[in-house]
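> As input, take upload.pdb (PDB, C-alpha atoms and all ligand atoms):
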```pdb
ATOM      1  CA  ARG A   1     -24.937  -4.520  17.482  1.00  0.00           C
ATOM      2  CA  GLU A   2     -25.703  -8.181  16.861  1.00  0.00           C
ATOM      3  CA  ARG A   3     -23.503  -9.383  14.053  1.00  0.00           C
ATOM      4  CA  GLY A   4     -25.427 -10.104  10.872  1.00  0.00           C
ATOM      5  CA  GLU A   5     -28.686  -8.829  12.359  1.00  0.00           C
ATOM      6  CA  SER A   6     -27.877  -5.163  12.447  1.00  0.00           C
ATOM      7  CA  ALA A   7     -30.294  -2.439  11.590  1.00  0.00           C
ATOM      8  CA  ARG A   8     -30.435  -1.844   7.880  1.00  0.00           C
ATOM      9  CA  ASP A   9     -27.836   0.875   8.303  1.00  0.00           C
ATOM     10  CA  LEU A  10     -26.912   0.801   4.604  1.00  0.00           C
ATOM     11  CA  ALA A  11     -30.491   1.210   3.365  1.00  0.00           C
ATOM     12  CA  GLY A  12     -30.698   3.691   0.488  1.00  0.00           C
ATOM     13  CA  ARG A  13     -26.948   3.474  -0.117  1.00  0.00           C
ATOM     14  CA  HIS A  14     -25.220   2.176  -3.236  1.00  0.00           C
ATOM     15  CA  VAL A  15     -22.023   0.265  -2.530  1.00  0.00           C
ATOM     16  CA  VAL A  16     -19.568  -1.140  -5.064  1.00  0.00           C
ATOM     17  CA  VAL A  17     -17.411  -4.138  -4.207  1.00  0.00           C
ATOM     18  CA  SER A  18     -14.733  -5.595  -6.452  1.00  0.00           C
ATOM     19  CA  ALA A  19     -13.996  -9.280  -5.994  1.00  0.00           C
ATOM     20  CA  GLY A  20     -11.784 -12.051  -7.326  1.00  0.00           C
ATOM     21  CA  GLY A  21      -8.590 -11.678  -9.288  1.00  0.00           C
ATOM     22  CA  THR A  22      -7.908 -10.239 -12.720  1.00  0.00           C
ATOM     23  CA  ARG A  23      -6.389 -12.268 -15.551  1.00  0.00           C
ATOM     24  CA  GLU A  24      -4.078 -10.677 -18.071  1.00  0.00           C
ATOM     25  CA  ALA A  25      -4.045 -12.463 -21.399  1.00  0.00           C
ATOM     26  CA  ILE A  26      -0.737 -13.583 -22.892  1.00  0.00           C
ATOM     27  CA  ASP A  27      -2.171 -15.397 -25.911  1.00  0.00           C
ATOM     28  CA  PRO A  28      -5.564 -17.005 -26.705  1.00  0.00           C
ATOM     29  CA  VAL A  29      -5.015 -19.809 -24.175  1.00  0.00           C
ATOM     30  CA  ARG A  30      -2.808 -18.334 -21.431  1.00  0.00           C
ATOM     31  CA  PHE A  31      -2.951 -15.605 -18.847  1.00  0.00           C
ATOM     32  CA  ILE A  32      -1.151 -14.118 -15.851  1.00  0.00           C
ATOM     33  CA  GLY A  33      -3.390 -14.485 -12.820  1.00  0.00           C
ATOM     34  CA  ASN A  34      -3.449 -14.788  -9.063  1.00  0.00           C
ATOM     35  CA  ARG A  35      -4.935 -16.946  -6.322  1.00  0.00           C
ATOM     36  CA  SER A  36      -7.790 -14.703  -5.226  1.00  0.00           C
ATOM     37  CA  SER A  37     -11.010 -16.734  -4.927  1.00  0.00           C
ATOM     38  CA  GLY A  38     -13.506 -13.905  -4.478  1.00  0.00           C
ATOM     39  CA  LEU A  39     -14.682 -15.261  -1.105  1.00  0.00           C
ATOM     40  CA  GLN A  40     -13.947 -12.032   0.818  1.00  0.00           C
ATOM     41  CA  GLY A  41     -15.546  -9.825  -1.847  1.00  0.00           C
ATOM     42  CA  TYR A  42     -18.665 -11.993  -1.985  1.00  0.00           C
ATOM     43  CA  ALA A  43     -18.905 -11.968   1.819  1.00  0.00           C
ATOM     44  CA  LEU A  44     -18.782  -8.158   1.650  1.00  0.00           C
ATOM     45  CA  ALA A  45     -21.536  -8.198  -0.973  1.00  0.00           C
ATOM     46  CA  ARG A  46     -23.813 -10.545   1.029  1.00  0.00           C
ATOM     47  CA  THR A  47     -23.401  -8.614   4.267  1.00  0.00           C
ATOM     48  CA  ALA A  48     -24.046  -5.285   2.504  1.00  0.00           C
ATOM     49  CA  VAL A  49     -27.265  -6.697   0.985  1.00  0.00           C
ATOM     50  CA  ALA A  50     -28.298  -7.882   4.475  1.00  0.00           C
ATOM     51  CA  ARG A  51     -27.745  -4.343   5.787  1.00  0.00           C
ATOM     52  CA  GLY A  52     -30.023  -2.894   3.124  1.00  0.00           C
ATOM     53  CA  ALA A  53     -27.564  -1.570   0.527  1.00  0.00           C
ATOM     54  CA  ARG A  54     -27.945  -1.647  -3.225  1.00  0.00           C
ATOM     55  CA  VAL A  55     -24.856  -3.624  -4.149  1.00  0.00           C
ATOM     56  CA  THR A  56     -22.834  -3.798  -7.364  1.00  0.00           C
ATOM     57  CA  VAL A  57     -20.173  -6.504  -7.425  1.00  0.00           C
ATOM     58  CA  VAL A  58     -17.498  -6.247 -10.089  1.00  0.00           C
ATOM     59  CA  ALA A  59     -16.345  -9.846 -10.204  1.00  0.00           C
ATOM     60  CA  ALA A  60     -13.120 -10.933 -11.849  1.00  0.00           C
ATOM     61  CA  ASN A  61     -13.006 -14.646 -12.589  1.00  0.00           C
ATOM     62  CA  VAL A  62     -15.000 -15.734  -9.535  1.00  0.00           C
ATOM     63  CA  ALA A  63     -16.290 -19.323  -9.509  1.00  0.00           C
ATOM     64  CA  LEU A  64     -18.866 -18.872  -6.735  1.00  0.00           C
ATOM     65  CA  PRO A  65     -22.671 -18.582  -6.746  1.00  0.00           C
ATOM     66  CA  ASP A  66     -23.830 -14.986  -7.280  1.00  0.00           C
ATOM     67  CA  PRO A  67     -24.555 -13.205  -3.982  1.00  0.00           C
ATOM     68  CA  ALA A  68     -28.364 -13.000  -3.771  1.00  0.00           C
ATOM     69  CA  GLY A  69     -29.744  -9.509  -4.230  1.00  0.00           C
ATOM     70  CA  ALA A  70     -26.556  -8.005  -5.671  1.00  0.00           C
ATOM     71  CA  ARG A  71     -25.898  -6.942  -9.252  1.00  0.00           C
ATOM     72  CA  VAL A  72     -22.878  -8.840 -10.553  1.00  0.00           C
ATOM     73  CA  VAL A  73     -20.767  -7.366 -13.361  1.00  0.00           C
ATOM     74  CA  PRO A  74     -18.328 -10.000 -14.615  1.00  0.00           C
ATOM     75  CA  VAL A  75     -14.928  -8.841 -15.874  1.00  0.00           C
ATOM     76  CA  GLY A  76     -11.681 -10.496 -16.917  1.00  0.00           C
ATOM     77  CA  SER A  77      -8.698  -8.136 -16.989  1.00  0.00           C
ATOM     78  CA  ALA A  78      -7.629  -5.144 -14.901  1.00  0.00           C
ATOM     79  CA  GLU A  79      -8.587  -2.788 -17.759  1.00  0.00           C
ATOM     80  CA  GLU A  80     -12.095  -4.277 -17.833  1.00  0.00           C
ATOM     81  CA  MET A  81     -12.319  -4.005 -14.056  1.00  0.00           C
ATOM     82  CA  ARG A  82     -11.260  -0.359 -14.214  1.00  0.00           C
ATOM     83  CA  THR A  83     -14.011   0.483 -16.712  1.00  0.00           C
ATOM     84  CA  ALA A  84     -16.694  -1.361 -14.709  1.00  0.00           C
ATOM     85  CA  VAL A  85     -15.636  -0.007 -11.300  1.00  0.00           C
ATOM     86  CA  LEU A  86     -15.349   3.636 -12.459  1.00  0.00           C
ATOM     87  CA  GLU A  87     -18.764   3.368 -14.111  1.00  0.00           C
ATOM     88  CA  ALA A  88     -20.414   1.867 -11.015  1.00  0.00           C
ATOM     89  CA  ALA A  89     -18.566   4.262  -8.664  1.00  0.00           C
ATOM     90  CA  GLY A  90     -20.243   7.281 -10.287  1.00  0.00           C
ATOM     91  CA  ASP A  91     -23.183   7.316  -7.876  1.00  0.00           C
ATOM     92  CA  ALA A  92     -21.723   5.062  -5.168  1.00  0.00           C
ATOM     93  CA  ASP A  93     -21.647   5.981  -1.488  1.00  0.00           C
ATOM     94  CA  ALA A  94     -18.816   3.530  -0.886  1.00  0.00           C
ATOM     95  CA  VAL A  95     -16.337   1.596  -3.006  1.00  0.00           C
ATOM     96  CA  VAL A  96     -14.518  -1.408  -1.562  1.00  0.00           C
ATOM     97  CA  MET A  97     -11.653  -2.812  -3.657  1.00  0.00           C
ATOM     98  CA  ALA A  98     -11.398  -6.378  -2.387  1.00  0.00           C
ATOM     99  CA  ALA A  99     -10.216  -7.719  -5.748  1.00  0.00           C
ATOM    100  CA  ALA A 100      -6.637  -8.708  -6.425  1.00  0.00           C
ATOM    101  CA  VAL A 101      -5.768  -6.585  -9.438  1.00  0.00           C
ATOM    102  CA  ALA A 102      -2.775  -7.759 -11.446  1.00  0.00           C
ATOM    103  CA  ASP A 103      -0.072  -5.120 -11.183  1.00  0.00           C
ATOM    104  CA  PHE A 104       1.302  -5.934 -14.626  1.00  0.00           C
ATOM    105  CA  ARG A 105       0.043  -7.220 -17.957  1.00  0.00           C
ATOM    106  CA  PRO A 106       1.878  -8.447 -21.039  1.00  0.00           C
ATOM    107  CA  ALA A 107       3.027  -5.468 -23.108  1.00  0.00           C
ATOM    108  CA  ALA A 108       1.636  -7.110 -26.230  1.00  0.00           C
ATOM    109  CA  TYR A 109      -1.092  -9.688 -26.689  1.00  0.00           C
ATOM    110  CA  ARG A 110      -0.089 -12.495 -29.038  1.00  0.00           C
ATOM    111  CA  GLY A 111      -3.023 -13.212 -31.310  1.00  0.00           C
ATOM    112  CA  SER A 112      -1.737 -16.714 -31.984  1.00  0.00           C
ATOM    113  CA  LYS A 113      -0.808 -19.362 -29.471  1.00  0.00           C
ATOM    114  CA  ILE A 114       2.870 -19.247 -28.558  1.00  0.00           C
ATOM    115  CA  LYS A 115       4.454 -22.472 -29.800  1.00  0.00           C
ATOM    116  CA  LYS A 116       7.446 -24.388 -28.538  1.00  0.00           C
ATOM    117  CA  THR A 117      10.376 -24.566 -30.884  1.00  0.00           C
ATOM    118  CA  PRO A 118      12.404 -27.778 -31.006  1.00  0.00           C
ATOM    119  CA  ASP A 119      15.536 -25.996 -29.858  1.00  0.00           C
ATOM    120  CA  GLY A 120      16.019 -22.807 -27.928  1.00  0.00           C
ATOM    121  CA  GLU A 121      14.336 -21.142 -24.982  1.00  0.00           C
ATOM    122  CA  PRO A 122      11.130 -19.080 -25.223  1.00  0.00           C
ATOM    123  CA  GLU A 123      11.084 -15.345 -25.833  1.00  0.00           C
ATOM    124  CA  PRO A 124      10.725 -13.401 -22.580  1.00  0.00           C
ATOM    125  CA  ILE A 125       7.299 -11.825 -22.014  1.00  0.00           C
ATOM    126  CA  ALA A 126       7.624  -8.072 -21.529  1.00  0.00           C
ATOM    127  CA  LEU A 127       5.230  -6.568 -18.973  1.00  0.00           C
ATOM    128  CA  VAL A 128       3.730  -3.110 -18.501  1.00  0.00           C
ATOM    129  CA  LYS A 129       2.006  -1.637 -15.442  1.00  0.00           C
ATOM    130  CA  ASN A 130      -1.768  -1.794 -15.117  1.00  0.00           C
ATOM    131  CA  PRO A 131      -3.773   1.256 -14.051  1.00  0.00           C
ATOM    132  CA  ASP A 132      -4.164   1.588 -10.269  1.00  0.00           C
ATOM    133  CA  ILE A 133      -7.952   1.566  -9.931  1.00  0.00           C
ATOM    134  CA  LEU A 134      -8.059   2.330  -6.197  1.00  0.00           C
ATOM    135  CA  ALA A 135      -5.679   5.284  -6.566  1.00  0.00           C
ATOM    136  CA  GLU A 136      -7.774   6.612  -9.435  1.00  0.00           C
ATOM    137  CA  ILE A 137     -10.990   6.378  -7.398  1.00  0.00           C
ATOM    138  CA  GLY A 138      -9.217   8.044  -4.475  1.00  0.00           C
ATOM    139  CA  GLU A 139      -8.094  10.870  -6.710  1.00  0.00           C
ATOM    140  CA  HIS A 140     -11.532  11.510  -8.254  1.00  0.00           C
ATOM    141  CA  ARG A 141     -13.632  10.813  -5.163  1.00  0.00           C
ATOM    142  CA  ARG A 142     -16.787  12.769  -4.589  1.00  0.00           C
ATOM    143  CA  PRO A 143     -17.142  14.485  -1.206  1.00  0.00           C
ATOM    144  CA  GLY A 144     -18.631  11.998   1.218  1.00  0.00           C
ATOM    145  CA  GLN A 145     -17.725   8.920  -0.809  1.00  0.00           C
ATOM    146  CA  VAL A 146     -16.001   6.303   1.362  1.00  0.00           C
ATOM    147  CA  ILE A 147     -13.113   4.426  -0.278  1.00  0.00           C
ATOM    148  CA  VAL A 148     -11.754   1.131   1.073  1.00  0.00           C
ATOM    149  CA  GLY A 149      -8.741  -0.857  -0.095  1.00  0.00           C
ATOM    150  CA  PHE A 150      -7.383  -4.258   0.812  1.00  0.00           C
ATOM    151  CA  ALA A 151      -3.716  -5.141   1.069  1.00  0.00           C
ATOM    152  CA  ALA A 152      -1.756  -8.256   1.800  1.00  0.00           C
ATOM    153  CA  GLU A 153       1.585  -7.321   3.306  1.00  0.00           C
ATOM    154  CA  THR A 154       4.666  -9.040   4.643  1.00  0.00           C
ATOM    155  CA  ASP A 155       7.571  -7.658   6.702  1.00  0.00           C
ATOM    156  CA  ASP A 156       6.607  -4.366   8.381  1.00  0.00           C
ATOM    157  CA  VAL A 157       2.896  -4.952   7.830  1.00  0.00           C
ATOM    158  CA  LEU A 158       1.510  -1.860   9.581  1.00  0.00           C
ATOM    159  CA  ALA A 159       4.066   0.626   8.248  1.00  0.00           C
ATOM    160  CA  ASN A 160       3.544  -0.690   4.731  1.00  0.00           C
ATOM    161  CA  GLY A 161      -0.224  -0.451   5.265  1.00  0.00           C
ATOM    162  CA  ARG A 162      -0.094   3.157   6.502  1.00  0.00           C
ATOM    163  CA  ALA A 163       2.043   4.198   3.536  1.00  0.00           C
ATOM    164  CA  LYS A 164      -0.308   2.459   1.111  1.00  0.00           C
ATOM    165  CA  LEU A 165      -3.406   4.016   2.704  1.00  0.00           C
ATOM    166  CA  ALA A 166      -1.924   7.484   2.215  1.00  0.00           C
ATOM    167  CA  ARG A 167      -0.692   6.776  -1.305  1.00  0.00           C
ATOM    168  CA  LYS A 168      -4.137   5.588  -2.403  1.00  0.00           C
ATOM    169  CA  ARG A 169      -6.016   8.416  -0.645  1.00  0.00           C
ATOM    170  CA  SER A 170      -8.413   5.848   0.833  1.00  0.00           C
ATOM    171  CA  ASP A 171     -10.434   6.142   4.035  1.00  0.00           C
ATOM    172  CA  LEU A 172      -9.771   2.582   5.167  1.00  0.00           C
ATOM    173  CA  LEU A 173      -7.251  -0.114   4.336  1.00  0.00           C
ATOM    174  CA  VAL A 174      -7.834  -3.712   5.369  1.00  0.00           C
ATOM    175  CA  VAL A 175      -4.392  -5.202   5.899  1.00  0.00           C
ATOM    176  CA  ASN A 176      -3.998  -8.960   5.876  1.00  0.00           C
ATOM    177  CA  GLN A 177      -0.835 -10.565   7.069  1.00  0.00           C
ATOM    178  CA  VAL A 178       0.018 -13.143   4.431  1.00  0.00           C
ATOM    179  CA  GLY A 179       1.320 -16.559   5.336  1.00  0.00           C
ATOM    180  CA  GLU A 180       0.078 -18.770   8.174  1.00  0.00           C
ATOM    181  CA  ARG A 181      -2.515 -20.400   5.892  1.00  0.00           C
ATOM    182  CA  LEU A 182      -4.987 -17.542   6.063  1.00  0.00           C
ATOM    183  CA  GLY A 183      -6.389 -15.631   3.163  1.00  0.00           C
ATOM    184  CA  PHE A 184      -6.536 -17.098  -0.304  1.00  0.00           C
ATOM    185  CA  GLY A 185      -9.292 -19.670  -0.766  1.00  0.00           C
ATOM    186  CA  THR A 186      -9.895 -20.147   2.954  1.00  0.00           C
ATOM    187  CA  PRO A 187     -13.171 -19.304   4.726  1.00  0.00           C
ATOM    188  CA  ASP A 188     -11.327 -17.427   7.484  1.00  0.00           C
ATOM    189  CA  ASN A 189      -9.432 -14.187   7.584  1.00  0.00           C
ATOM    190  CA  ALA A 190      -7.667 -12.038  10.170  1.00  0.00           C
ATOM    191  CA  ALA A 191      -6.811  -8.412   9.580  1.00  0.00           C
ATOM    192  CA  VAL A 192      -6.039  -4.973  10.873  1.00  0.00           C
ATOM    193  CA  VAL A 193      -8.164  -2.170   9.442  1.00  0.00           C
ATOM    194  CA  LEU A 194      -6.303   1.141   9.267  1.00  0.00           C
ATOM    195  CA  GLY A 195      -8.204   4.424   9.010  1.00  0.00           C
ATOM    196  CA  ALA A 196      -7.004   7.642   7.382  1.00  0.00           C
ATOM    197  CA  ASP A 197      -8.052   9.312  10.655  1.00  0.00           C
ATOM    198  CA  GLY A 198      -5.314   7.317  12.410  1.00  0.00           C
ATOM    199  CA  SER A 199      -7.649   4.646  13.769  1.00  0.00           C
ATOM    200  CA  ARG A 200      -6.749   0.986  13.969  1.00  0.00           C
ATOM    201  CA  THR A 201      -9.233  -1.880  14.321  1.00  0.00           C
ATOM    202  CA  ASP A 202      -7.951  -5.390  14.941  1.00  0.00           C
ATOM    203  CA  VAL A 203     -10.185  -8.133  13.578  1.00  0.00           C
ATOM    204  CA  PRO A 204      -9.312 -11.531  15.066  1.00  0.00           C
ATOM    205  CA  ARG A 205      -9.291 -14.649  12.969  1.00  0.00           C
ATOM    206  CA  GLY A 206     -12.831 -15.519  12.003  1.00  0.00           C
ATOM    207  CA  ALA A 207     -15.262 -15.975   9.139  1.00  0.00           C
ATOM    208  CA  LYS A 208     -14.885 -13.592   6.188  1.00  0.00           C
ATOM    209  CA  GLU A 209     -18.449 -12.424   6.988  1.00  0.00           C
ATOM    210  CA  GLU A 210     -17.227 -11.116  10.346  1.00  0.00           C
ATOM    211  CA  LEU A 211     -14.455  -9.107   8.745  1.00  0.00           C
ATOM    212  CA  ALA A 212     -16.991  -7.921   6.164  1.00  0.00           C
ATOM    213  CA  ASP A 213     -19.397  -6.716   8.868  1.00  0.00           C
ATOM    214  CA  THR A 214     -16.571  -4.884  10.633  1.00  0.00           C
ATOM    215  CA  VAL A 215     -15.679  -3.159   7.350  1.00  0.00           C
ATOM    216  CA  TRP A 216     -19.307  -2.057   6.882  1.00  0.00           C
ATOM    217  CA  ASP A 217     -19.430  -0.827  10.519  1.00  0.00           C
ATOM    218  CA  LEU A 218     -16.412   1.364   9.796  1.00  0.00           C
ATOM    219  CA  VAL A 219     -17.846   2.489   6.432  1.00  0.00           C
ATOM    220  CA  ALA A 220     -21.263   3.295   7.941  1.00  0.00           C
ATOM    221  CA  ALA A 221     -19.603   5.430  10.620  1.00  0.00           C
ATOM    222  CA  ARG A 222     -17.923   7.482   7.868  1.00  0.00           C
ATOM    223  CA  LEU A 223     -20.941   7.999   5.588  1.00  0.00           C
ATOM    224  CA  LYS A 224     -22.430  11.468   5.611  1.00  0.00           C
ATOM    225  CA  PRO A 225     -25.961  11.554   7.051  1.00  0.00           C
ATOM    226  CA  ARG A 226     -28.364  11.871   4.146  1.00  0.00           C
ATOM    227  CA  SER A 227     -30.299  15.105   3.788  1.00  0.00           C
TER     228      SER A 227
HETATM  229  N1  LIG B 301      -5.426  -2.109  -6.616  1.00  0.00           N
HETATM  230  C1  LIG B 301      -6.050  -1.501  -7.677  1.00  0.00           C
HETATM  231  N2  LIG B 301      -5.442  -1.478  -8.913  1.00  0.00           N
HETATM  232  C2  LIG B 301      -4.222  -2.025  -9.086  1.00  0.00           C
HETATM  233  C3  LIG B 301      -3.571  -2.655  -8.004  1.00  0.00           C
HETATM  234  C4  LIG B 301      -4.208  -2.674  -6.768  1.00  0.00           C
HETATM  235  O1  LIG B 301      -7.151  -0.975  -7.510  1.00  0.00           O
HETATM  236  N3  LIG B 301      -3.659  -1.985 -10.268  1.00  0.00           N
HETATM  237  C5  LIG B 301      -6.088  -2.105  -5.307  1.00  0.00           C
HETATM  238  C6  LIG B 301      -6.409  -3.471  -4.772  1.00  0.00           C
HETATM  239  O2  LIG B 301      -7.704  -3.878  -5.168  1.00  0.00           O
HETATM  240  C7  LIG B 301      -6.335  -3.255  -3.266  1.00  0.00           C
HETATM  241  C8  LIG B 301      -5.312  -2.125  -3.107  1.00  0.00           C
HETATM  242  O3  LIG B 301      -5.217  -1.504  -4.392  1.00  0.00           O
HETATM  243  O4  LIG B 301      -7.546  -2.785  -2.742  1.00  0.00           O
HETATM  244  C9  LIG B 301      -3.972  -2.555  -2.659  1.00  0.00           C
HETATM  245  O5  LIG B 301      -3.449  -3.521  -3.540  1.00  0.00           O
HETATM  246  P1  LIG B 301      -1.951  -3.962  -3.390  1.00  0.00           P
HETATM  247  O6  LIG B 301      -1.632  -4.969  -4.429  1.00  0.00           O
HETATM  248  O7  LIG B 301      -1.709  -4.315  -1.956  1.00  0.00           O
HETATM  249  O8  LIG B 301      -1.199  -2.565  -3.655  1.00  0.00           O
HETATM  250  P2  LIG B 301      -0.240  -2.099  -4.796  1.00  0.00           P
HETATM  251  O9  LIG B 301      -0.439  -0.614  -4.929  1.00  0.00           O
HETATM  252  O10 LIG B 301      -0.413  -2.891  -6.030  1.00  0.00           O
HETATM  253  O11 LIG B 301       1.205  -2.293  -4.173  1.00  0.00           O
HETATM  254  P3  LIG B 301       2.146  -3.628  -4.106  1.00  0.00           P
HETATM  255  O12 LIG B 301       1.426  -4.781  -4.749  1.00  0.00           O
HETATM  256  O13 LIG B 301       3.383  -3.242  -4.826  1.00  0.00           O
HETATM  257  O14 LIG B 301       2.358  -3.822  -2.615  1.00  0.00           O
HETATM  258 CA    CA B 302      -0.306  -5.154  -6.151  1.00  0.00          CA
END
```
In structure tokens, how does this file's structure come out?
Ligand code: CTP
Ligand code: CA

Amino acid sequence: RERGESARDLAGRHVVVSAGGTREAIDPVRFIGNRSSGLQGYALARTAVARGARVTVVAANVALPDPAGARVVPVGSAEEMRTAVLEAAGDADAVVMAAAVADFRPAAYRGSKIKKTPDGEPEPIALVKNPDILAEIGEHRRPGQVIVGFAAETDDVLANGRAKLARKRSDLLVVNQVGERLGFGTPDNAAVVLGADGSRTDVPRGAKEELADTVWDLVAARLKPRS
């Protein structure tokens, strides 16, 4: 297959891609966030459109032009992303969670801006766990729905990836090795894609579109033929 000029192998399919990074409000002016730019998610959206899919992008705090031909649902927090992704996933053939979802949020939102006091240190900010959207989709998946997660790992990257793939009941997990100036905010990515069937696909460093097309190749191979 010629990259980027494949047959429209996703024609008639609805795919959902989450992109960007959630922000968890502390007070009216502050949040807990992360460095995800949305570049990989938007590359997934563009390549899926090119392959003929109907594409819903749930975009958390992405400052990029909308991917042409995709429906973009903007969200802020992990809770908002959960609502939007579960809604869009209802009739989806594939769900790809490329977004960086904050693991924790402040236990309480302060309705007023937290002020400095002349003496003394600030109150600690208590955190609670956010819902795990990917795990929830994996748990409630329809037969034939293909579920894909992303993970950035350090240390024993592949063992951590395999454990995470199983825990989230996903079909595929795209594992990035963090560090070495790849990943956040850069146009390039390198990854290993692990399959629940035991497969392993190494994607050498290249444009995020190339990784995206490899993900869709692996998704397309797992979609049930339509009757
Ligand atoms: N994810 C999610 N909801 C969360 C956290 C993560 O849907 N609350 C998704 C991410 O979008 C990604 C996958 O789960 O596709 C893996 O995210 P990651 O942060 O690597 O996994 P965690 O389960 O949060 O584990 P940890 O951060 O502790 O390694
Ligand atoms: Ca996490």
> Return the single residue from A:Gly144, A:Pro118, A:Gly12, A:Gly76 that is closest to Ala53 of chain A, with distances computed using only C-alpha atoms.
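Of all the options, A:Gly12 lies closest to Ala53 of chain A.
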> Could you write out as a ChimeraX atom specification the residues that the PyMOL selection byres (((chain A and resi 172) around 12) and not hetatm) matches in the shown file?
/A:94-98,134,138,145-151,161-162,164-171,173-175,192-201,214-222
> Can you turn the PyMOL selection byres (((chain A and resi 86) around 10) and not hetatm) into a concrete residue list for this file, as a short mmCIF file (atom, residue, chain, number, x, y, z; two decimals) with C-alpha atoms, keeping the file's coordinate frame?

```
data_model
loop_
_atom_site.label_atom_id
_atom_site.label_comp_id
_atom_site.auth_asym_id
_atom_site.auth_seq_id
_atom_site.Cartn_x
_atom_site.Cartn_y
_atom_site.Cartn_z
CA VAL A 16 -19.57 -1.14 -5.06
CA MET A 81 -12.32 -4.00 -14.06
CA ARG A 82 -11.26 -0.36 -14.21
CA THR A 83 -14.01 0.48 -16.71
CA ALA A 84 -16.69 -1.36 -14.71
CA VAL A 85 -15.64 -0.01 -11.30
CA GLU A 87 -18.76 3.37 -14.11
CA ALA A 88 -20.41 1.87 -11.02
CA ALA A 89 -18.57 4.26 -8.66
CA GLY A 90 -20.24 7.28 -10.29
CA ASP A 91 -23.18 7.32 -7.88
CA ALA A 92 -21.72 5.06 -5.17
CA VAL A 95 -16.34 1.60 -3.01
CA ILE A 133 -7.95 1.57 -9.93
CA LEU A 134 -8.06 2.33 -6.20
CA GLU A 136 -7.77 6.61 -9.44
CA ILE A 137 -10.99 6.38 -7.40
CA HIS A 140 -11.53 11.51 -8.25
#
```
> Measuring between all atoms listed in the file, which one of A:Arg8, A:Lys113, A:Arg46, A:Arg142 shows the shortest distance to Ala25 of chain A?
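Nearest candidate to Ala25 of chain A out of A:Arg8, A:Lys113, A:Arg46, A:Arg142: A:Lys113.
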> Residues within 9 Å of Asp213 of chain A, please, as a VMD selection string. Count all atoms listed in the file; anything in the same chain fewer than 4 positions from it doesn't count.
chain A and resid 3 to 4 43 to 44 47 to 48 208 to 209 217 to 218
> Select, from A:Arg30, A:Arg105, A:Arg71, A:Arg51, the residue with the minimum atom-to-atom distance to ligand CA 302 (chain B), counting all atoms listed in the file.
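Checking each candidate against ligand CA 302 (chain B), we get A:Arg105 as the closest.
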> Near segment 185-191 of chain A, within 8 Å and counting all atoms listed in the file, which residues show up once chain neighbours fewer than 3 positions away are dropped, as a compact mmCIF listing (two decimals) with C-alpha atoms, in the frame of the given file?

```
# COMPACT_ATOMS: atom_id res chain seq x y z
CA ARG A 35 -4.93 -16.95 -6.32
CA SER A 36 -7.79 -14.70 -5.23
CA SER A 37 -11.01 -16.73 -4.93
CA LEU A 39 -14.68 -15.26 -1.10
CA VAL A 174 -7.83 -3.71 5.37
CA VAL A 175 -4.39 -5.20 5.90
CA ASN A 176 -4.00 -8.96 5.88
CA GLN A 177 -0.84 -10.56 7.07
CA ARG A 181 -2.52 -20.40 5.89
CA LEU A 182 -4.99 -17.54 6.06
CA ASP A 202 -7.95 -5.39 14.94
CA VAL A 203 -10.18 -8.13 13.58
CA PRO A 204 -9.31 -11.53 15.07
CA ARG A 205 -9.29 -14.65 12.97
CA GLY A 206 -12.83 -15.52 12.00
CA ALA A 207 -15.26 -15.98 9.14
CA LYS A 208 -14.88 -13.59 6.19
CA LEU A 211 -14.46 -9.11 8.74
```
> Determine, counting only C-alpha atoms, which protein, DNA and RNA residues have an atom within 9 Å of an atom of Ile114 of chain A; residues of the same chain fewer than 5 positions away are not included. Present the result as a VMD selection string.
chain A and resid 26 to 28 122
> Report as an NGL selection string the full result of the PyMOL selection byres (((chain A and resi 126-131) around 6) and not hetatm) when it is applied to this structure.
:A and (103-107 or 125 or 132-133)
> Output C-alpha atoms of each residue in that selection to a file, as an mmCIF file, in the coordinates of the input.

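Saved file part.cif follows:
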```
data_model
loop_
_atom_site.group_PDB
_atom_site.id
_atom_site.type_symbol
_atom_site.label_atom_id
_atom_site.label_comp_id
_atom_site.auth_asym_id
_atom_site.auth_seq_id
_atom_site.Cartn_x
_atom_site.Cartn_y
_atom_site.Cartn_z
ATOM 1 C CA ASP A 103 -0.072 -5.120 -11.183
ATOM 2 C CA PHE A 104 1.302 -5.934 -14.626
ATOM 3 C CA ARG A 105 0.043 -7.220 -17.957
ATOM 4 C CA PRO A 106 1.878 -8.447 -21.039
ATOM 5 C CA ALA A 107 3.027 -5.468 -23.108
ATOM 6 C CA ILE A 125 7.299 -11.825 -22.014
ATOM 7 C CA ASP A 132 -4.164 1.588 -10.269
ATOM 8 C CA ILE A 133 -7.952 1.566 -9.931
#
```
> Hey, which of A:Val157, A:Thr22, A:Val55, A:Val73 ends up closest to ligand CA 302 (chain B)? Count all atoms listed in the file.
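Nearest to ligand CA 302 (chain B): A:Thr22.
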> One decimal, in Å: what's the spacing between atom P3 of ligand LIG 301 (chain B) and atom CA of Asp156 of chain A?
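These two atoms are separated by 13.3 Å.
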> Return as AutoDock Vina command-line options the centre and edge lengths, in Å with one decimal, of the box along x, y and z that encloses every atom of ligand LIG 301 (chain B) in the file, padded by 8 Å per side.

```
--center_x -2.2 --center_y -2.8 --center_z -6.1 --size_x 27.1 --size_y 20.4 --size_z 24.3
```
> Please compute the atom CA of Ala163 of chain A-atom CA of Glu139 of chain A distance, one decimal, in Å.
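Computed distance, atom CA of Ala163 of chain A to atom CA of Glu139 of chain A, equals 15.9 Å.
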